[in-house]
Amino acid sequence: MILSYETLRIIWWVLLGFLLTGFAVMDGFDLGVGMLLPFVGKTDIERRVVINTIGPVWEGNQVWIILGAGAIFAAWPYIYAVAFSGLYLAMLILLLGFILRPVGFKYRSKIQHPTWRSTGDWMLFLGGFIPALVFGVALGNVLQGLPFHFDETLRSFYTGSFFALFNPFALLCGLVSVCMLATHGGLYLAAKTTGVIQERARRYSQKTALLTIILFAVAGFWISYGISGYVLAKPMIHDAASNPLHKSVITQIGAWTHNYKRYPWMMIAPILGFLGAIGVMLFGSRGNSKFAFTLSGLSIIGIVTTVGFSLFPFLFPSSTNPSQSLMVWDASSSQLTLLVMLIAAIIFMPIILGYTAWVYRVMRGKVTPADIAADKQSY
């Protein structure tokens, strides 16, 4: 093989993080705009302006979550088996949230009755709020460990309950996600609109940026001193065939901070998360919405990457049997599968990125009430 099994596993860990972070940044402002819609837009024409800022791009942005799910299915089959079976109800709620979005976009303006349109607005709100909350709650549960184990034939068994997922720490992570994406959406609106809509969006983004800083700090303190992380009891082979049963893992309070002591350069992730959000408050308040939007994206990258760095090399820790936790070294597909997928990613990822850049260039510029009144085909 051109690349070793260990190298391919690291590459696909990085690519998975890239896809999930790309989803948080690219589709995150869509979700944030949906969450702010009922509050930023006070009249029907104002809400139509808000909707049309993301109308041409929201579907394309969802490609990132599809790519992420596909990467999990093909590169990390054990994770796919646990997540999409044990967390079935949570996944169903997530999908219902996503389903509300196209219904709101496509049907909201078909009838002019105020109740009909108000219902569509709140569907778009829920279509943004529910996925943002569920994704944050999911990461909170992963950091605590999920109640699953394997039998001797590697069949997975999930022993937790649906309501147990919504525990205090997981809900805190969910609120970090909601505030983070609401900030991103507010700054996108501020960059794409004018007048009172722009001012309201800027004002809300300042508030949610402050909440993001506070909640992210509280979550970091909780991770360091309040929940148990996972540690390998002894080194394991990094290029052996995937089998999550052949290792020994222990739990320790604050174990998720060990990587930052071992690899100090990883501190760039939480620092970026904080500095990006602080920069949003500084530059967003001065009216520099585009630069503040860029800083918001960097803050999201920092926050999401912090989770990945904290967990590494764990992917899905098991609270039921820590030694059966899923790791980068024992949860991947075969070496050949990872190599073939990498070749496909090298070919198609630049095409996706190039097309995305072209779409945003074509759709650049602000959306105004006059544009909406003149365009009968707008949302």
# chains A, B, ... in the order shown; residues from 1 in each chain; ligands from 1
call {"tool": "residues_around", "arguments": {"residues": "range 308-324 of chain A", "least_positions_apart": "3", "cutoff": "8 Å", "atoms": "only C-alpha atoms", "output": "PyMOL selection string"}}
result
chain A and resi 17+79+142-150+230+244-251+256-260+266+304-305+327-329
call {"tool": "select_by_dssp", "arguments": {"residues": "range 273-366 of chain A", "states": "strand (DSSP E)", "output": "PyMOL selection string"}}
result
chain A and resi 314-316+326-327
call {"tool": "residues_around", "arguments": {"residues": "Met91 in chain A", "least_positions_apart": "4", "cutoff": "10 Å", "atoms": "only C-alpha atoms", "output": "PDB file with N, CA and C atoms, in the first residue's frame"}}
result
ATOM      1  N   ALA A  83     -24.459   4.535  16.395  1.00  0.00           N
ATOM      2  CA  ALA A  83     -25.188   5.802  16.365  1.00  0.00           C
ATOM      3  C   ALA A  83     -26.555   5.666  15.711  1.00  0.00           C
ATOM      4  N   PHE A  84     -26.626   4.948  14.590  1.00  0.00           N
ATOM      5  CA  PHE A  84     -27.871   4.905  13.846  1.00  0.00           C
ATOM      6  C   PHE A  84     -28.798   3.779  14.291  1.00  0.00           C
ATOM      7  N   SER A  85     -28.406   3.049  15.319  1.00  0.00           N
ATOM      8  CA  SER A  85     -29.323   2.053  15.892  1.00  0.00           C
ATOM      9  C   SER A  85     -29.681   2.445  17.317  1.00  0.00           C
ATOM     10  N   GLY A  86     -28.666   2.632  18.162  1.00  0.00           N
ATOM     11  CA  GLY A  86     -28.934   2.997  19.547  1.00  0.00           C
ATOM     12  C   GLY A  86     -29.547   4.375  19.698  1.00  0.00           C
ATOM     13  N   LEU A  87     -29.147   5.308  18.845  1.00  0.00           N
ATOM     14  CA  LEU A  87     -29.655   6.682  18.933  1.00  0.00           C
ATOM     15  C   LEU A  87     -30.758   6.932  17.916  1.00  0.00           C
ATOM     16  N   LEU A  95     -34.037  14.350  12.028  1.00  0.00           N
ATOM     17  CA  LEU A  95     -34.576  14.325  10.662  1.00  0.00           C
ATOM     18  C   LEU A  95     -35.888  15.095  10.567  1.00  0.00           C
ATOM     19  N   LEU A  96     -36.729  14.996  11.588  1.00  0.00           N
ATOM     20  CA  LEU A  96     -37.976  15.754  11.577  1.00  0.00           C
ATOM     21  C   LEU A  96     -37.678  17.255  11.548  1.00  0.00           C
ATOM     22  N   GLY A  97     -36.641  17.666  12.294  1.00  0.00           N
ATOM     23  CA  GLY A  97     -36.243  19.066  12.250  1.00  0.00           C
ATOM     24  C   GLY A  97     -35.811  19.481  10.859  1.00  0.00           C
ATOM     25  N   PRO A 131     -32.208  20.932  15.014  1.00  0.00           N
ATOM     26  CA  PRO A 131     -30.910  20.332  14.654  1.00  0.00           C
ATOM     27  C   PRO A 131     -29.745  20.916  15.440  1.00  0.00           C
ATOM     28  N   VAL A 134     -29.919  19.338  18.944  1.00  0.00           N
ATOM     29  CA  VAL A 134     -29.657  17.900  18.949  1.00  0.00           C
ATOM     30  C   VAL A 134     -28.189  17.603  18.671  1.00  0.00           C
ATOM     31  N   PHE A 135     -27.565  18.334  17.747  1.00  0.00           N
ATOM     32  CA  PHE A 135     -26.151  18.113  17.470  1.00  0.00           C
ATOM     33  C   PHE A 135     -25.302  18.420  18.703  1.00  0.00           C
ATOM     34  N   ALA A 138     -25.821  15.710  21.261  1.00  0.00           N
ATOM     35  CA  ALA A 138     -25.119  14.491  20.848  1.00  0.00           C
ATOM     36  C   ALA A 138     -23.643  14.553  21.233  1.00  0.00           C
TER      37      ALA A 138
END
call {"tool": "select_by_dssp", "arguments": {"residues": "range 36-238 of chain A", "states": "alpha helix (DSSP H)", "output": "ChimeraX atom specification"}}
result
/A:36-40,44-54,58-61,63-75,77-86,88-107,114-144,168-192,195-225
call {"tool": "residues_around", "arguments": {"residues": "range 284-286 of chain A", "least_positions_apart": "6", "cutoff": "9 Å", "atoms": "only C-alpha atoms", "output": "number ranges by chain"}}
result
A: 187, 190, 202-203, 205-206, 292-293
call {"tool": "residues_around", "arguments": {"residues": "range 37-39 of chain A", "least_positions_apart": "3", "cutoff": "8 Å", "atoms": "only C-alpha atoms", "output": "JSON, numbers by chain"}}
result
{"A": [33, 34, 42, 47, 50, 51, 121, 122, 124, 125]}
call {"tool": "closest_atom_pairs", "arguments": {"of": "range 41-128 of chain A", "to": "range 352-361 of chain A", "cutoff": "10 Å", "atoms": "only C-alpha atoms", "output": "tab-separated table"}}
result
residue	atom	partner	partner_atom	distance
A:Pro56	CA	A:Val359	CA	8.8
A:Val57	CA	A:Val359	CA	7.8
A:Gly60	CA	A:Thr356	CA	7.8
A:Asn61	CA	A:Thr356	CA	8.4
A:Val63	CA	A:Ile352	CA	9.1
A:Trp64	CA	A:Ile352	CA	9.7
call {"tool": "closest_residue", "arguments": {"among": "A:Met349, A:Ile10, A:Ile268, A:Val196", "to": "Leu67 in chain A", "atoms": "only C-alpha atoms"}}
result
A:Met349
call {"tool": "closest_residue", "arguments": {"among": "A:Gly136, A:Ala255, A:Met267, A:Met236", "to": "Glu6 in chain A", "atoms": "only C-alpha atoms"}}
result
A:Met236
call {"tool": "closest_residue", "arguments": {"among": "A:Ala164, A:Ala331, A:Leu172, A:Leu211", "to": "Ala241 in chain A", "atoms": "only C-alpha atoms"}}
result
A:Ala331
call {"tool": "residues_around", "arguments": {"residues": "Val178 in chain A", "least_positions_apart": "4", "cutoff": "6 Å", "atoms": "only C-alpha atoms", "output": "PyMOL selection string"}}
result
chain A and resi 132-133+182
call {"tool": "write_last_selection", "arguments": {"atoms": "C-alpha atoms", "output": "PDB file, in the first residue's frame"}}
result
ATOM      1  CA  ALA A 132     -28.665  22.853  16.411  1.00  0.00           C
ATOM      2  CA  LEU A 133     -29.776  21.609  19.828  1.00  0.00           C
ATOM      3  CA  ALA A 182     -27.529  31.818  16.158  1.00  0.00           C
TER       4      ALA A 182
END
call {"tool": "residues_around", "arguments": {"residues": "Val103 in chain A", "least_positions_apart": "4", "cutoff": "9 Å", "atoms": "only C-alpha atoms", "output": "JSON, numbers by chain"}}
result
{"A": [99, 107, 108, 120, 123, 124]}
call {"tool": "closest_residue", "arguments": {"among": "A:Ile271, A:Leu139, A:Ala373, A:Val40", "to": "Ile197 in chain A", "atoms": "only C-alpha atoms"}}
result
A:Val40
call {"tool": "closest_residue", "arguments": {"among": "A:Pro114, A:Gly32, A:Gly276, A:Gly302", "to": "Phe18 in chain A", "atoms": "only C-alpha atoms"}}
result
A:Gly302
call {"tool": "closest_residue", "arguments": {"among": "A:Thr212, A:Ser177, A:Asn141, A:Thr21", "to": "Phe162 in chain A", "atoms": "only C-alpha atoms"}}
result
A:Asn141
